[in-house]
Amino acid sequence: MKRRVPLLICLFSGLFFGIQFFVPHHQVRQVYSNGLRWLIVVAAFTIIMAVGSLIVHHLRRVHRRTKGWGYSLVTLGTLLGMVAAGAATGIRPGSLFNKLFLNVQAPMQATMFGILAFYIASASYRAFRARSKEATLLLLAAIFLMLSAVSFIGYYFPRITTLSEWLLMVPNMAAQRGILFGVYLGTLATSIKIILGIERGWMGGGR
Amino acid sequence: MNILKMLKRTILYLIFLLASPASLSWAQAPNPLANSWFNPGLTNAFVGACLLFLLVELSVWRAKSGKPMFIRRIAGLSAVEEAVGRATEMGRPVLFLTGMNDLSDIATISAVNILAQVARKTAEYDTPLLVPNRDPVVYTVTQEVVKQAYTEAGRPDAYNPNNIYFITSNQMGYAAALDGIMMREKPATNFFMGYYYAEALIIAETGSITGAIQIAGTDAVMQLPFFITTCDYTLMGEELYAASAYLSRDPILVGTLKAQDWCKVIITFLLLAGSAWALIIRNDWFLSLFSVG
């Protein structure tokens with residue numbers, strides 16, 4: 001019973017959401033949009049559970065003084081601080097919450113994003129070491145693509161730009177489309193398997 | 001005079017607009033199919049979906065008949081056992097990520113399916129499994145999946161709910177937290193399954209710095225090069241969806257992979273036929289068979 005009920009819900013909702021794609025009738029559209037609203041309600045409840053788990057997880061770390069518990073204290077402090085700032089001053093422009101968001105959180109996000117540039121450099125170094133035939137081809141392709149991105153190279157050596165465009169639009173696109181065909185077929189097949197109850201990993205596995 | 005007329009019309013229009021936003025509906029064309037039970041513009045998509053459905057059913061029927069099915073070796077999945085074993089030997093945890101998207105993405109569902117298999121192995125080896133989540137719905141599902149996997153492996157006592165937790169929905173905040181977890185907890189094995197965006201390289205490169213065995217699986221074509229560069233094994237595209245069948249070796253699940261293979265054969269044939277048609281007959285009739293709307 002514990003397994004059968006979720007499987008039946010999955011079967012009926014999966015079949016309905018699959019079939020509704022082909023049915024433009026206004027009544028079916030209405031049921032579909034109601035279903036999406038239910039999804040929002042379910043998601044709202046899971047946010048409460050998720051934030052609860054975050055608080056419990058970090059409280060335990062602080063309580064047990066596990067390695068790096070100070071970070072957990074900072075997490076809990078900032079979580080409560082932002083909630084208090086939002087409750088006290090609102091979230092409109094000019095409020096304390098908004099100032100904290102724009103002057104603390106946004107720059108921190110930008111910093112994390114900025115790290116990406118350095119990581120790309122180190123990852124490129126590893127990828128472009130010509131240790132094999134394939135890596136050498138990758139290195140050559142990368143050289144042409146990087147050169148074509150330089151404005152004066154494109155002006156003086158237009159063939160490099162043409163070659164790099166060909167590399168992107170022909171071999172690269174062909175490989176991408178090959179992967180995407182597999183992805184779309186896999187998506188459809190996995191959906192069918194889940195709807196029919198063949199794939200039960202999402203319930204913890206088992207048959 | 002004309003300018004005055006235009007001004008008057010504009011003012012009237014604005015009053016009309018402000019008085020009743022619903023009046024905008026006159027601008028929208030009525031849906032001619034609102035009372036129809038089938039969209040004829042999607043007939044080809046419907047036929048294609050039915051074909052795949054039938055092929056999956058056929059493959060399940062063949063698998064049930066007991067006919068052995070071949071599945072090619074996928075290095076990244078063959079290494080799962082070894083990767084979990086390594087973490088056990090080193091006395092360090094296993095880190096498992098389910099990607100950045102919610103459960104409406106099939107890549108996330110596939111990641112959850114793989115998590116169930118990995119959780120069984122960590123339960124058998126008694127190795128801690130860390131699952132930090134980005135999406136609240138995925139968090140609740142992963143918690144149940146890991147709990148169920150530990151129970152089915154006969155080790156419900158080893159399940160630690162504190163190891164499956166929610167971090168934040170913020171993309172870079174999540175990446176920063178993962179970097180911190182990898183640097184502090186030093187997991188011996190990292191699994192990056194599901195869909196990823198710009199943070200893919202940030203987390204995979206940090207994992208690489210810590211010296212962990214890394215197995216990634218994604219259908220995000222743009223992020224594949226980053227994972228290939230920084231991870232020991234990468235599951236590309238559909239390999240992610242095949243992982244659950246590969247790891248469980250369930251004959252029915254393995255059998256369904258055959259349906260995908262047959263569809264690929266059909267698509268390849270159609271691509272060749274379409275190319276030949278376009279080159280020889282030189283019209284768009286063949287292409288029009290696949291347009292939807």
# chains A, B, ... in the order shown; residues from 1 in each chain; ligands from 1

$ select_by_dssp --residues "segment 53-252 of chain B" --states "helix (DSSP H, G or I)" --output "PyMOL selection string"
chain B and resi 53-64+75-90+106-125+136-152+156-158+161-163+171-185+199-210+221-230+238-248+251-252

$ residues_around --residues "segment 199-211 of chain B" --least-positions-apart "4" --cutoff "7 Å" --atoms "only C-alpha atoms" --output "ChimeraX atom specification"
/A:116,119 /B:172,175,178-179,182-183,186,223,226-227,230-231

$ write_last_selection --atoms "N, CA and C atoms" --output "JSON list (two decimals), in the first residue's frame"
[["chain", "number", "residue", "atom", "x", "y", "z"],
["A", 116, "LEU", "N", 35.26, 32.05, -11.35],
["A", 116, "LEU", "CA", 35.12, 31.19, -12.53],
["A", 116, "LEU", "C", 36.22, 31.46, -13.57],
["A", 119, "TYR", "N", 39.30, 29.66, -12.60],
["A", 119, "TYR", "CA", 39.12, 28.22, -12.73],
["A", 119, "TYR", "C", 39.13, 27.81, -14.21],
["B", 172, "MET", "N", 25.05, 30.94, -6.74],
["B", 172, "MET", "CA", 26.44, 31.12, -6.31],
["B", 172, "MET", "C", 26.61, 30.86, -4.81],
["B", 175, "ALA", "N", 27.04, 27.21, -4.66],
["B", 175, "ALA", "CA", 28.40, 26.84, -5.10],
["B", 175, "ALA", "C", 29.42, 27.13, -4.00],
["B", 178, "LEU", "N", 29.15, 24.54, -1.28],
["B", 178, "LEU", "CA", 29.72, 23.26, -1.70],
["B", 178, "LEU", "C", 31.24, 23.30, -1.65],
["B", 179, "ASP", "N", 31.80, 24.42, -2.07],
["B", 179, "ASP", "CA", 33.26, 24.57, -2.01],
["B", 179, "ASP", "C", 33.73, 24.44, -0.57],
["B", 182, "MET", "N", 33.51, 20.82, 0.56],
["B", 182, "MET", "CA", 34.58, 19.99, -0.03],
["B", 182, "MET", "C", 35.94, 20.28, 0.63],
["B", 183, "MET", "N", 36.18, 21.53, 0.97],
["B", 183, "MET", "CA", 37.47, 21.88, 1.57],
["B", 183, "MET", "C", 37.54, 21.45, 3.04],
["B", 186, "LYS", "N", 36.45, 17.22, 3.15],
["B", 186, "LYS", "CA", 37.33, 16.44, 2.26],
["B", 186, "LYS", "C", 36.71, 15.10, 1.85],
["B", 223, "GLN", "N", 28.09, 22.44, -20.27],
["B", 223, "GLN", "CA", 28.95, 22.20, -19.10],
["B", 223, "GLN", "C", 29.78, 20.92, -19.23],
["B", 226, "PHE", "N", 33.64, 21.18, -19.18],
["B", 226, "PHE", "CA", 34.21, 21.50, -17.86],
["B", 226, "PHE", "C", 34.29, 20.24, -17.00],
["B", 227, "PHE", "N", 33.26, 19.42, -17.07],
["B", 227, "PHE", "CA", 33.27, 18.19, -16.27],
["B", 227, "PHE", "C", 34.32, 17.21, -16.81],
["B", 230, "THR", "N", 37.70, 18.28, -15.51],
["B", 230, "THR", "CA", 38.00, 18.26, -14.07],
["B", 230, "THR", "C", 37.62, 16.96, -13.36],
["B", 231, "CYS", "N", 36.82, 16.11, -14.02],
["B", 231, "CYS", "CA", 36.37, 14.89, -13.33],
["B", 231, "CYS", "C", 37.08, 13.65, -13.89]]

$ closest_residue --among "A:Gly90, A:Pro6, A:Gly52, A:Gly70" --to "chain B" --atoms "only C-alpha atoms"
A:Gly52

$ interface_residues --of "chain B" --to "chain A" --cutoff "7 Å" --atoms "only C-alpha atoms" --output "PyMOL selection string"
chain B and resi 33-39+42+53+106+109+112-113+116+136-137+139-140+145-146+148-149+162+165-167+172-173+176+201-202+205+219+221+229-230+237-238+241+253+260

$ select_by_dssp --residues "segment 39-282 of chain B" --states "strand (DSSP E)" --output "list in words"
Val94, Leu95, Phe96, Leu97, Leu129, Leu130, Val131, Pro132, Asn133, Ile164, Tyr165, Phe166, Thr189, Asn190, Phe191, Phe192, Met193, Ile213, Gln214, Ile215, Ala216, Gly217, Thr218, Tyr233, Thr234, Leu235 and Met236 of chain B

$ write_last_selection --atoms "N, CA and C atoms" --output "JSON list (two decimals), in the first residue's frame"
[["chain", "number", "residue", "atom", "x", "y", "z"],
["B", 94, "VAL", "N", 31.16, 10.37, 1.25],
["B", 94, "VAL", "CA", 30.85, 10.47, -0.19],
["B", 94, "VAL", "C", 29.92, 11.67, -0.36],
["B", 95, "LEU", "N", 30.21, 12.53, -1.32],
["B", 95, "LEU", "CA", 29.35, 13.70, -1.57],
["B", 95, "LEU", "C", 28.53, 13.46, -2.83],
["B", 96, "PHE", "N", 27.22, 13.67, -2.74],
["B", 96, "PHE", "CA", 26.37, 13.44, -3.91],
["B", 96, "PHE", "C", 25.52, 14.68, -4.15],
["B", 97, "LEU", "N", 25.60, 15.22, -5.38],
["B", 97, "LEU", "CA", 24.78, 16.39, -5.75],
["B", 97, "LEU", "C", 23.77, 15.97, -6.83],
["B", 129, "LEU", "N", 27.19, 9.45, 3.76],
["B", 129, "LEU", "CA", 26.79, 10.01, 2.46],
["B", 129, "LEU", "C", 26.24, 11.42, 2.68],
["B", 130, "LEU", "N", 26.89, 12.41, 2.09],
["B", 130, "LEU", "CA", 26.43, 13.81, 2.24],
["B", 130, "LEU", "C", 25.64, 14.21, 1.00],
["B", 131, "VAL", "N", 24.42, 14.72, 1.21],
["B", 131, "VAL", "CA", 23.61, 15.17, 0.07],
["B", 131, "VAL", "C", 23.10, 16.60, 0.34],
["B", 132, "PRO", "N", 23.91, 17.61, 0.02],
["B", 132, "PRO", "CA", 23.43, 18.99, 0.18],
["B", 132, "PRO", "C", 22.55, 19.37, -1.02],
["B", 133, "ASN", "N", 21.39, 19.97, -0.75],
["B", 133, "ASN", "CA", 20.44, 20.24, -1.82],
["B", 133, "ASN", "C", 20.24, 21.72, -2.09],
["B", 164, "ILE", "N", 21.61, 14.79, 4.98],
["B", 164, "ILE", "CA", 20.85, 15.19, 3.78],
["B", 164, "ILE", "C", 20.15, 16.49, 4.14],
["B", 165, "TYR", "N", 20.60, 17.58, 3.59],
["B", 165, "TYR", "CA", 20.08, 18.87, 4.04],
["B", 165, "TYR", "C", 19.98, 19.87, 2.89],
["B", 166, "PHE", "N", 19.24, 20.93, 3.19],
["B", 166, "PHE", "CA", 19.03, 22.01, 2.22],
["B", 166, "PHE", "C", 20.06, 23.12, 2.52],
["B", 189, "THR", "N", 34.99, 10.92, -2.45],
["B", 189, "THR", "CA", 34.31, 10.73, -3.74],
["B", 189, "THR", "C", 33.22, 11.78, -3.93],
["B", 190, "ASN", "N", 33.22, 12.41, -5.08],
["B", 190, "ASN", "CA", 32.18, 13.39, -5.39],
["B", 190, "ASN", "C", 31.37, 12.91, -6.59],
["B", 191, "PHE", "N", 30.05, 12.92, -6.44],
["B", 191, "PHE", "CA", 29.16, 12.63, -7.56],
["B", 191, "PHE", "C", 28.45, 13.93, -7.94],
["B", 192, "PHE", "N", 28.61, 14.35, -9.19],
["B", 192, "PHE", "CA", 27.90, 15.54, -9.67],
["B", 192, "PHE", "C", 26.92, 15.09, -10.75],
["B", 193, "MET", "N", 25.70, 14.78, -10.35],
["B", 193, "MET", "CA", 24.71, 14.30, -11.31],
["B", 193, "MET", "C", 23.63, 15.37, -11.51],
["B", 213, "ILE", "N", 37.95, 11.44, -5.97],
["B", 213, "ILE", "CA", 37.52, 10.80, -7.23],
["B", 213, "ILE", "C", 36.22, 11.48, -7.60],
["B", 214, "GLN", "N", 36.13, 11.94, -8.84],
["B", 214, "GLN", "CA", 34.93, 12.68, -9.22],
["B", 214, "GLN", "C", 34.22, 11.98, -10.39],
["B", 215, "ILE", "N", 32.93, 11.75, -10.21],
["B", 215, "ILE", "CA", 32.11, 11.16, -11.28],
["B", 215, "ILE", "C", 30.98, 12.15, -11.56],
["B", 216, "ALA", "N", 30.97, 12.67, -12.78],
["B", 216, "ALA", "CA", 29.92, 13.63, -13.14],
["B", 216, "ALA", "C", 28.99, 13.00, -14.16],
["B", 217, "GLY", "N", 27.77, 13.46, -14.19],
["B", 217, "GLY", "CA", 26.81, 13.01, -15.20],
["B", 217, "GLY", "C", 25.83, 14.13, -15.46],
["B", 218, "THR", "N", 25.80, 14.62, -16.69],
["B", 218, "THR", "CA", 24.91, 15.73, -16.98],
["B", 218, "THR", "C", 24.44, 15.70, -18.43],
["B", 233, "TYR", "N", 35.58, 10.68, -14.31],
["B", 233, "TYR", "CA", 34.63, 10.04, -15.24],
["B", 233, "TYR", "C", 33.46, 10.98, -15.48],
["B", 234, "THR", "N", 33.00, 11.01, -16.72],
["B", 234, "THR", "CA", 31.84, 11.86, -17.03],
["B", 234, "THR", "C", 30.81, 11.07, -17.83],
["B", 235, "LEU", "N", 29.58, 11.08, -17.34],
["B", 235, "LEU", "CA", 28.47, 10.46, -18.08],
["B", 235, "LEU", "C", 27.88, 11.54, -18.96],
["B", 236, "MET", "N", 27.84, 11.28, -20.25],
["B", 236, "MET", "CA", 27.38, 12.30, -21.19],
["B", 236, "MET", "C", 25.94, 12.05, -21.62]]

$ closest_residue --among "B:Ile228, B:Pro251, B:Ser104, B:Val60" --to "Gly14 of chain A" --atoms "only C-alpha atoms"
B:Ser104

$ residues_around --residues "Val254 of chain B" --least-positions-apart "5" --cutoff "12 Å" --atoms "only C-alpha atoms" --output "MDAnalysis selection string"
(chainID A and resid 189:190 193 198:199) or (chainID B and resid 56 59:60 62:64 66:72 241:249 259:261)

$ write_last_selection --atoms "C-alpha atoms" --output "PDB file, in the first residue's frame"
ATOM      1  CA  ALA A 189      12.003   6.940 -22.302  1.00  0.00           C
ATOM      2  CA  THR A 190      12.741   7.792 -18.652  1.00  0.00           C
ATOM      3  CA  LYS A 193       9.453   4.256 -17.396  1.00  0.00           C
ATOM      4  CA  ILE A 198       9.208   0.424 -14.297  1.00  0.00           C
ATOM      5  CA  GLU A 199      11.709   2.921 -12.876  1.00  0.00           C
TER       6      GLU A 199
ATOM      7  CA  VAL B  56       9.391   0.505 -24.411  1.00  0.00           C
ATOM      8  CA  SER B  59      11.293  -4.247 -24.735  1.00  0.00           C
ATOM      9  CA  VAL B  60       9.769  -4.814 -21.275  1.00  0.00           C
ATOM     10  CA  ARG B  62      11.040  -9.192 -24.228  1.00  0.00           C
ATOM     11  CA  ALA B  63      12.990  -8.656 -20.993  1.00  0.00           C
ATOM     12  CA  LYS B  64      10.270 -10.483 -19.024  1.00  0.00           C
ATOM     13  CA  GLY B  66      14.099 -13.889 -19.951  1.00  0.00           C
ATOM     14  CA  LYS B  67      16.141 -13.110 -23.055  1.00  0.00           C
ATOM     15  CA  PRO B  68      19.593 -11.820 -21.961  1.00  0.00           C
ATOM     16  CA  MET B  69      20.231  -8.169 -22.829  1.00  0.00           C
ATOM     17  CA  PHE B  70      23.622  -6.698 -23.602  1.00  0.00           C
ATOM     18  CA  ILE B  71      24.559  -3.329 -22.153  1.00  0.00           C
ATOM     19  CA  ARG B  72      27.872  -1.764 -23.145  1.00  0.00           C
ATOM     20  CA  TYR B 241      19.466   8.271 -17.849  1.00  0.00           C
ATOM     21  CA  ALA B 242      20.893   4.785 -18.398  1.00  0.00           C
ATOM     22  CA  ALA B 243      22.785   4.854 -15.093  1.00  0.00           C
ATOM     23  CA  SER B 244      19.964   3.505 -12.960  1.00  0.00           C
ATOM     24  CA  ALA B 245      19.525   0.482 -15.263  1.00  0.00           C
ATOM     25  CA  TYR B 246      23.284  -0.078 -15.442  1.00  0.00           C
ATOM     26  CA  LEU B 247      23.801   0.029 -11.683  1.00  0.00           C
ATOM     27  CA  SER B 248      20.757  -2.034 -10.699  1.00  0.00           C
ATOM     28  CA  ARG B 249      21.217  -4.556 -13.589  1.00  0.00           C
ATOM     29  CA  ALA B 259      13.818   0.840 -27.038  1.00  0.00           C
ATOM     30  CA  GLN B 260      15.967   3.987 -27.006  1.00  0.00           C
ATOM     31  CA  ASP B 261      18.504   2.290 -29.273  1.00  0.00           C
TER      32      ASP B 261
END

$ atom_distance --atom1 "atom CA of Leu54 of chain B" --atom2 "atom CA of Tyr32 of chain A"
25.4 Å

$ atom_distance --atom1 "atom CA of Leu79 of chain A" --atom2 "atom CA of Glu144 of chain B"
25.8 Å
